Structure formats: structure tokens, C-alpha cells
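Engineer: Here it is, the structure in full.
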Amino acid sequence: VNYTMADTPIPVSEEIEKAPEKIEATPEEISLVKQTYSLDRNQLILQHPWFGLIIMGLGLVVDQSIPIAGINYKNIHFNPIPSSKRKEGTKSYPELKPDTRLFLLSHEILHPALGHCSYLSSSAYNHQLQNIAMDAVINRILCDGGKYASSKEDIRKDLGGGVFIDVRTETLQVGLPNTPNFFELAIPGIMSSDWHYIYEQLLKESQGENAEKLKKAADSFASMFLDIEADPEQSTD
């Protein structure tokens with residue numbers, strides 16, 4: 001089933017569309033991103049050679065247009081602005097705990113590895129819901145039974161939210177519990193499904209009685225974690 005953007009009632013809010021106030025990164029802040037990434041990259045290569053093989057082919061871009069980190073098929077991007085200089089207080093990559101940084105690198109790498117970037121140029125999807133669905137699949141791989149299973153909640157808090165799956169109840173959770181923009185959705189069979197299935201469930205929910213609650217969660221997610229770019233070599237559908 002193909003959906004057009006007109007079918008999805010969750011537009012990016014005006015608040016997110018507004019260009020943020022320009023804050024210039026200092027040479028020291030940029031250097032800290034590069035140094036931290038270099039150390040973590042080497043650690044990832046040693047601990048997880050499969051991830052290391054992918055990351056060795058990626059360039060590094062310092063990019064203030066994204067909240068924390070982003071990726072496409074060619075480069076991994078990091079915002080160097082520290083939380084002390086941001087209105088929303090989002091942490092920069094070097095400010096995160098070491099385990100969170102390795103989780104974040106692994107997460108970003110899995111987007112191109114799983115072919116996610118190929119779909120982002122298509123106008124058939126709502127980009128916010130699409131990214132939530134893709135992140136849910138990746139975080140399930142990394143956390144539920146994987147290396148980061150024991151530190152899942154600490155990582156979640158360190159990042160300030162994100163998208164995770166509660167394996168006990170088969171629920172998808174956006175944001176942090178007990179916060180205004182937290183959203184939870186039961187999705188039977190979520191453990192054996194790919195992002196397309198999760199996306200369709202989110203799309204249905206966006207047209208139901210919880211549409212406004214999902215919109216707030218999706219907007220909040222986008223302002224902090226909208227983290228992948230379309231493959232520049234892919235044509236727009």
C-alpha cells in the first residue's frame with residue numbers, strides 16, 4: 001500500500017520548521033567532536049569488527065543543522081554545540097557517556113546497513129513516522145538481547161528519550177515515560193516485523209483518537225533525533 005503525504009495528518013510543527021538561532025561552534029568544540037569520534041571509532045572497530053568495517057568507509061562531517069548525530073551512505077554527522085549553549089539542553093556527542101556514544105555509533109551505522117537511507121527520498125512516507133519505525137527496529141536489534149540490553153535504560157535517559165520497544169508488552173515507546181510528550185503504542189508481533197509494519201501501525205494511530213498525542217511525540221522526537229538523510233544518489237519518487 002502506498003501512502004502520500006496528504007494521507008498523513010502529522011505535519012512538522014511550525015516550531016520545528018523555524019530555523020534555530022545560529023550559534024557558532026568554537027574550534028575547541030569542533031576538535032573535541034573529532035577527537036571523541038576517533039577514539040570511539042577505534043573502540044568500535046576492536047569490539048565489533050562488522051560495525052567497524054562499515055564505519056571505516058564513512059567520512060566525518062561537523063553539522064549544526066542536526067540535533068545530535070545523523071548519517072547517510074557517505075558520512076556520519078555530529079553537532080558540536082554543547083548543551084550549555086542550547087536552548088533545549090540537548091547533549092552533544094562528546095557529552096554523552098561512553099556506552100551511549102558506542103550505542104549511538106552502532107545505531108547510526110545500522111541505518112545504511114539495513115538500507116534505510118534508500119527510502120527517505122520517497123514522498124510516499126511521513127518522514128517523522130518513518131524514522132520512528134526505523135529507529136524502533138534498530139534499537140530492538142541493539143538492546144533486546146544484544147550488547148546494550150543491560151544498559152538500555154541508562155542510554156535512554158542519557159539521550160533524553162528516543163524510541164524503544166518493551167519486549168514484555170510488545171509496546172513501542174517514544175520519549176521518556178512520565179514526560180508530557182511520551183507516547184506508547186501496543187503493536188502485536190512487533191518483535192518479528194520490519195519497519196514497514198511498524199510504520200503502518202503508526203500511520204493508523206495517527207488517524208485515530210490518539211492522533212494529537214502521537215503528533216506531539218513525533219514532533220518532540222524530530223526536534224532531537226531526526227537523524228538520517230536520503231541517499232544523495234537516489235532519485236525522488
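All residue names refer to the C-alpha cells as shown: chains lettered A, B, ... in order, residues numbered from 1 in each chain, ligands numbered from 1 in order.
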What's the 8 Å shell around Ala218 in chain A, counting only C-alpha atoms, without same-chain residues fewer than 3 positions away, as a ChimeraX atom specification?
Structural biologist: /A:128-129,132,174,214-215,221-222
Engineer: Selection from above, N, CA, C and O atoms, as a tab-separated table (two decimals), in the first residue's frame, can you write it?
Structural biologist:
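Contents of the output file part-v5.tsv:
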```
chain	number	residue	atom	x	y	z
A	128	GLN	N	8.70	11.68	9.67
A	128	GLN	CA	8.80	11.52	11.13
A	128	GLN	C	8.43	10.10	11.56
A	128	GLN	O	9.16	9.45	12.31
A	129	LEU	N	7.28	9.62	11.08
A	129	LEU	CA	6.83	8.28	11.46
A	129	LEU	C	7.77	7.22	10.90
A	129	LEU	O	8.02	6.19	11.53
A	132	ILE	N	10.83	7.05	13.12
A	132	ILE	CA	10.49	6.39	14.38
A	132	ILE	C	10.46	4.88	14.19
A	132	ILE	O	11.00	4.12	15.01
A	174	VAL	N	7.90	6.15	22.55
A	174	VAL	CA	8.61	7.31	22.03
A	174	VAL	C	8.80	8.31	23.16
A	174	VAL	O	7.83	8.73	23.79
A	214	LEU	N	0.21	11.45	19.47
A	214	LEU	CA	1.29	10.95	18.63
A	214	LEU	C	2.00	12.10	17.93
A	214	LEU	O	3.22	12.08	17.77
A	215	LYS	N	1.26	13.11	17.50
A	215	LYS	CA	1.86	14.26	16.84
A	215	LYS	C	2.86	14.96	17.75
A	215	LYS	O	3.97	15.32	17.34
A	221	PHE	N	10.29	14.06	19.03
A	221	PHE	CA	11.31	13.14	18.51
A	221	PHE	C	12.11	13.80	17.39
A	221	PHE	O	13.34	13.74	17.36
A	222	ALA	N	11.41	14.44	16.47
A	222	ALA	CA	12.07	15.06	15.33
A	222	ALA	C	13.02	16.16	15.75
A	222	ALA	O	14.09	16.34	15.16
```
Engineer: What parts of range 5-223 of chain A does DSSP call strand (DSSP E or B)? I'd like the answer as number ranges by chain.
Structural biologist: A: 59-62, 69-71, 75-78, 163-166, 171-174, 183-186
Engineer: Kindly export the residues of the current selection with C-alpha atoms, as an mmCIF file, in the first residue's frame.
Structural biologist:
```
data_model
loop_
_atom_site.group_PDB
_atom_site.id
_atom_site.type_symbol
_atom_site.label_atom_id
_atom_site.label_comp_id
_atom_site.auth_asym_id
_atom_site.auth_seq_id
_atom_site.Cartn_x
_atom_site.Cartn_y
_atom_site.Cartn_z
ATOM 1 C CA GLY A 59 33.593 10.402 6.434
ATOM 2 C CA LEU A 60 33.025 12.763 9.368
ATOM 3 C CA VAL A 61 31.029 15.994 8.996
ATOM 4 C CA VAL A 62 30.554 18.622 11.711
ATOM 5 C CA ALA A 69 24.001 12.858 15.050
ATOM 6 C CA GLY A 70 22.997 11.848 11.549
ATOM 7 C CA ILE A 71 24.119 9.605 8.730
ATOM 8 C CA ASN A 75 29.201 10.464 6.024
ATOM 9 C CA ILE A 76 28.341 10.484 9.689
ATOM 10 C CA HIS A 77 27.375 13.916 11.049
ATOM 11 C CA PHE A 78 27.708 15.369 14.552
ATOM 12 C CA VAL A 163 12.394 5.145 20.518
ATOM 13 C CA PHE A 164 12.492 1.801 22.311
ATOM 14 C CA ILE A 165 10.434 -1.380 22.395
ATOM 15 C CA ASP A 166 9.277 -3.000 25.622
ATOM 16 C CA THR A 171 4.808 -1.817 23.015
ATOM 17 C CA LEU A 172 6.664 0.881 21.108
ATOM 18 C CA GLN A 173 7.620 3.861 23.267
ATOM 19 C CA VAL A 174 8.613 7.314 22.026
ATOM 20 C CA PHE A 183 3.780 8.073 23.599
ATOM 21 C CA GLU A 184 3.212 4.334 23.894
ATOM 22 C CA LEU A 185 1.590 2.032 21.348
ATOM 23 C CA ALA A 186 0.936 -1.705 21.615
#
```
Engineer: Please provide as a list in words all residues within 9 Å of Lys213 in chain A, with the sequence filter that same-chain residues fewer than 4 positions apart are discarded (counting only C-alpha atoms).
Structural biologist: Asn181, Phe182, Phe183, Ser206, Glu209, Ala217 and Ala218 of chain A
Engineer: Could you state the separation of CA of Lys34 in chain A and CA of Ile81 in chain A in Å, given to one decimal place?
Structural biologist: 12.8 Å
Engineer: Write out as a ChimeraX atom specification which residues come within 9 Å of Asp99 in chain A when counting only C-alpha atoms, dropping same-chain ones fewer than 5 positions away.
Structural biologist: /A:104,148,151,155
Engineer: Write the residues of the preceding selection, restricted to all heavy atoms, as an mmCIF file, in the first residue's frame.
Structural biologist:
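For reference, again-v6.cif as written:
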```
data_model
loop_
_atom_site.group_PDB
_atom_site.id
_atom_site.type_symbol
_atom_site.label_atom_id
_atom_site.label_comp_id
_atom_site.auth_asym_id
_atom_site.auth_seq_id
_atom_site.Cartn_x
_atom_site.Cartn_y
_atom_site.Cartn_z
ATOM 1 N N LEU A 104 25.194 4.869 20.070
ATOM 2 C CA LEU A 104 24.775 5.816 19.042
ATOM 3 C C LEU A 104 25.487 5.543 17.716
ATOM 4 O O LEU A 104 24.859 5.568 16.650
ATOM 5 C CB LEU A 104 25.055 7.244 19.509
ATOM 6 C CG LEU A 104 24.530 8.370 18.617
ATOM 7 C CD1 LEU A 104 23.017 8.308 18.507
ATOM 8 C CD2 LEU A 104 24.972 9.730 19.158
ATOM 9 N N TYR A 148 23.619 -4.047 24.367
ATOM 10 C CA TYR A 148 23.186 -2.926 25.197
ATOM 11 C C TYR A 148 21.925 -3.229 26.004
ATOM 12 O O TYR A 148 21.277 -2.313 26.511
ATOM 13 C CB TYR A 148 22.966 -1.690 24.313
ATOM 14 C CG TYR A 148 24.212 -1.275 23.572
ATOM 15 C CD1 TYR A 148 24.418 -1.655 22.250
ATOM 16 C CD2 TYR A 148 25.209 -0.549 24.210
ATOM 17 C CE1 TYR A 148 25.574 -1.293 21.575
ATOM 18 C CE2 TYR A 148 26.378 -0.192 23.543
ATOM 19 C CZ TYR A 148 26.552 -0.565 22.221
ATOM 20 O OH TYR A 148 27.697 -0.217 21.555
ATOM 21 N N SER A 151 22.167 -1.981 29.646
ATOM 22 C CA SER A 151 22.324 -0.536 29.836
ATOM 23 C C SER A 151 21.275 0.266 29.076
ATOM 24 O O SER A 151 21.393 1.479 28.928
ATOM 25 C CB SER A 151 23.724 -0.100 29.388
ATOM 26 O OG SER A 151 24.000 -0.546 28.065
ATOM 27 N N ILE A 155 21.056 4.412 28.793
ATOM 28 C CA ILE A 155 21.266 5.041 27.483
ATOM 29 C C ILE A 155 20.082 5.922 27.124
ATOM 30 O O ILE A 155 20.245 7.051 26.642
ATOM 31 C CB ILE A 155 21.491 3.963 26.397
ATOM 32 C CG1 ILE A 155 22.849 3.297 26.600
ATOM 33 C CG2 ILE A 155 21.387 4.554 24.996
ATOM 34 C CD1 ILE A 155 23.080 2.085 25.721
#
```
Engineer: For Ile138 in chain A, list every protein, DNA or RNA residue within 9 Å, evaluated using only C-alpha atoms, and leave out those in the same chain fewer than 6 positions away; present the list as a list in words.
Structural biologist: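 My list of contacting residues is His107, Glu108, Leu110, His111 and Leu114 of chain A.
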Engineer: Output C-alpha atoms for every residue in that selection, as a PDB file, in the first residue's frame.
Structural biologist:
```pdb
ATOM      1  CA  HIS A 107      22.658   2.774  15.773  1.00  0.00           C
ATOM      2  CA  GLU A 108      23.666   5.217  13.047  1.00  0.00           C
ATOM      3  CA  LEU A 110      22.728   0.238  11.036  1.00  0.00           C
ATOM      4  CA  HIS A 111      20.623   2.773   9.102  1.00  0.00           C
ATOM      5  CA  LEU A 114      19.765  -2.017   6.619  1.00  0.00           C
TER       6      LEU A 114
END
```
Engineer: From the set A:Leu176, A:Ala113, A:Ala133, A:Leu44, which residue has the shortest atom-to-atom contact distance to Tyr73 in chain A, counting only C-alpha atoms?
Structural biologist: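 Using only C-alpha atoms, the shortest distance to Tyr73 in chain A belongs to A:Ala113.
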Engineer: Pick out each residue of range 73-172 of chain A that DSSP on the backbone tags as alpha helix (DSSP H); I need them as a short mmCIF file (atom, residue, chain, number, x, y, z; two decimals) with N, CA and C atoms, in the first residue's frame.
Structural biologist:
```
data_model
loop_
_atom_site.label_atom_id
_atom_site.label_comp_id
_atom_site.auth_asym_id
_atom_site.auth_seq_id
_atom_site.Cartn_x
_atom_site.Cartn_y
_atom_site.Cartn_z
N PRO A 98 30.32 7.12 27.58
CA PRO A 98 31.00 6.26 26.59
C PRO A 98 30.11 5.15 26.02
N ASP A 99 29.34 4.48 26.88
CA ASP A 99 28.48 3.41 26.40
C ASP A 99 27.39 3.95 25.48
N THR A 100 26.89 5.14 25.80
CA THR A 100 25.86 5.76 24.96
C THR A 100 26.43 6.13 23.60
N ARG A 101 27.67 6.62 23.60
CA ARG A 101 28.29 7.00 22.32
C ARG A 101 28.49 5.79 21.41
N LEU A 102 28.93 4.67 21.98
CA LEU A 102 29.11 3.46 21.17
C LEU A 102 27.77 2.94 20.67
N PHE A 103 26.75 3.05 21.53
CA PHE A 103 25.41 2.68 21.11
C PHE A 103 24.96 3.56 19.95
N LEU A 104 25.19 4.87 20.07
CA LEU A 104 24.77 5.82 19.04
C LEU A 104 25.49 5.54 17.72
N LEU A 105 26.78 5.26 17.78
CA LEU A 105 27.52 4.92 16.55
C LEU A 105 26.96 3.66 15.91
N SER A 106 26.73 2.65 16.71
CA SER A 106 26.17 1.39 16.20
C SER A 106 24.79 1.63 15.58
N HIS A 107 24.00 2.44 16.26
CA HIS A 107 22.66 2.77 15.77
C HIS A 107 22.74 3.45 14.41
N GLU A 108 23.57 4.47 14.31
CA GLU A 108 23.67 5.22 13.05
C GLU A 108 24.16 4.32 11.91
N ILE A 109 25.13 3.49 12.21
CA ILE A 109 25.69 2.60 11.19
C ILE A 109 24.65 1.65 10.63
N LEU A 110 23.73 1.20 11.48
CA LEU A 110 22.73 0.24 11.04
C LEU A 110 21.72 0.84 10.07
N HIS A 111 21.55 2.16 10.06
CA HIS A 111 20.62 2.77 9.10
C HIS A 111 21.04 2.47 7.65
N PRO A 112 22.25 2.82 7.23
CA PRO A 112 22.64 2.46 5.86
C PRO A 112 22.83 0.97 5.66
N ALA A 113 23.28 0.27 6.72
CA ALA A 113 23.49 -1.18 6.60
C ALA A 113 22.19 -1.91 6.29
N HIS A 127 7.93 11.35 6.97
CA HIS A 127 9.33 11.15 7.37
C HIS A 127 9.48 10.95 8.87
N GLN A 128 8.70 11.68 9.67
CA GLN A 128 8.80 11.52 11.13
C GLN A 128 8.43 10.10 11.56
N LEU A 129 7.28 9.62 11.08
CA LEU A 129 6.83 8.28 11.46
C LEU A 129 7.77 7.22 10.90
N GLN A 130 8.29 7.47 9.71
CA GLN A 130 9.22 6.54 9.07
C GLN A 130 10.48 6.38 9.91
N ASN A 131 11.01 7.50 10.37
CA ASN A 131 12.24 7.45 11.17
C ASN A 131 12.00 6.80 12.53
N ILE A 132 10.83 7.05 13.12
CA ILE A 132 10.49 6.39 14.38
C ILE A 132 10.46 4.88 14.19
N ALA A 133 9.82 4.42 13.11
CA ALA A 133 9.72 2.99 12.84
C ALA A 133 11.10 2.37 12.61
N MET A 134 11.95 3.07 11.86
CA MET A 134 13.30 2.57 11.59
C MET A 134 14.13 2.51 12.86
N ASP A 135 14.02 3.56 13.68
CA ASP A 135 14.77 3.58 14.94
C ASP A 135 14.31 2.46 15.88
N ALA A 136 13.02 2.17 15.87
CA ALA A 136 12.50 1.11 16.73
C ALA A 136 13.12 -0.23 16.37
N VAL A 137 13.23 -0.51 15.08
CA VAL A 137 13.82 -1.78 14.62
C VAL A 137 15.29 -1.86 15.03
N ILE A 138 16.02 -0.78 14.82
CA ILE A 138 17.45 -0.77 15.14
C ILE A 138 17.68 -0.92 16.64
N ASN A 139 16.94 -0.18 17.44
CA ASN A 139 17.14 -0.24 18.89
C ASN A 139 16.74 -1.60 19.46
N ARG A 140 15.78 -2.25 18.83
CA ARG A 140 15.45 -3.62 19.26
C ARG A 140 16.63 -4.55 18.99
N ILE A 141 17.26 -4.41 17.83
CA ILE A 141 18.42 -5.25 17.50
C ILE A 141 19.54 -5.05 18.51
N LEU A 142 19.79 -3.78 18.86
CA LEU A 142 20.92 -3.46 19.73
C LEU A 142 20.64 -3.75 21.20
N CYS A 143 19.40 -3.55 21.63
CA CYS A 143 19.09 -3.60 23.07
C CYS A 143 18.48 -4.91 23.53
N LYS A 152 20.23 -0.41 28.60
CA LYS A 152 19.19 0.22 27.79
C LYS A 152 18.58 1.46 28.44
N GLU A 153 18.18 1.35 29.70
CA GLU A 153 17.50 2.46 30.37
C GLU A 153 18.46 3.62 30.63
N ASP A 154 19.71 3.31 30.97
CA ASP A 154 20.70 4.37 31.19
C ASP A 154 20.97 5.13 29.89
N ILE A 155 21.06 4.41 28.79
CA ILE A 155 21.27 5.04 27.48
C ILE A 155 20.08 5.92 27.12
N ARG A 156 18.92 5.39 27.37
CA ARG A 156 17.68 6.13 27.07
C ARG A 156 17.65 7.46 27.81
N LYS A 157 17.99 7.44 29.08
CA LYS A 157 17.99 8.67 29.89
C LYS A 157 19.10 9.62 29.44
N ASP A 158 20.27 9.07 29.11
CA ASP A 158 21.39 9.89 28.68
C ASP A 158 21.06 10.64 27.39
N LEU A 159 20.35 9.99 26.50
CA LEU A 159 19.96 10.61 25.23
C LEU A 159 18.78 11.56 25.40
#
```
Engineer: Go ahead and compute the interatomic distance for CA of Leu53 in chain A and CA of Val33 in chain A, in Å to one decimal.
Structural biologist: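 A separation of 21.0 Å between them.
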Engineer: Between CA of Ile190 in chain A and CA of Thr169 in chain A, what is the spacing in Å?
Structural biologist: 10.0 Å
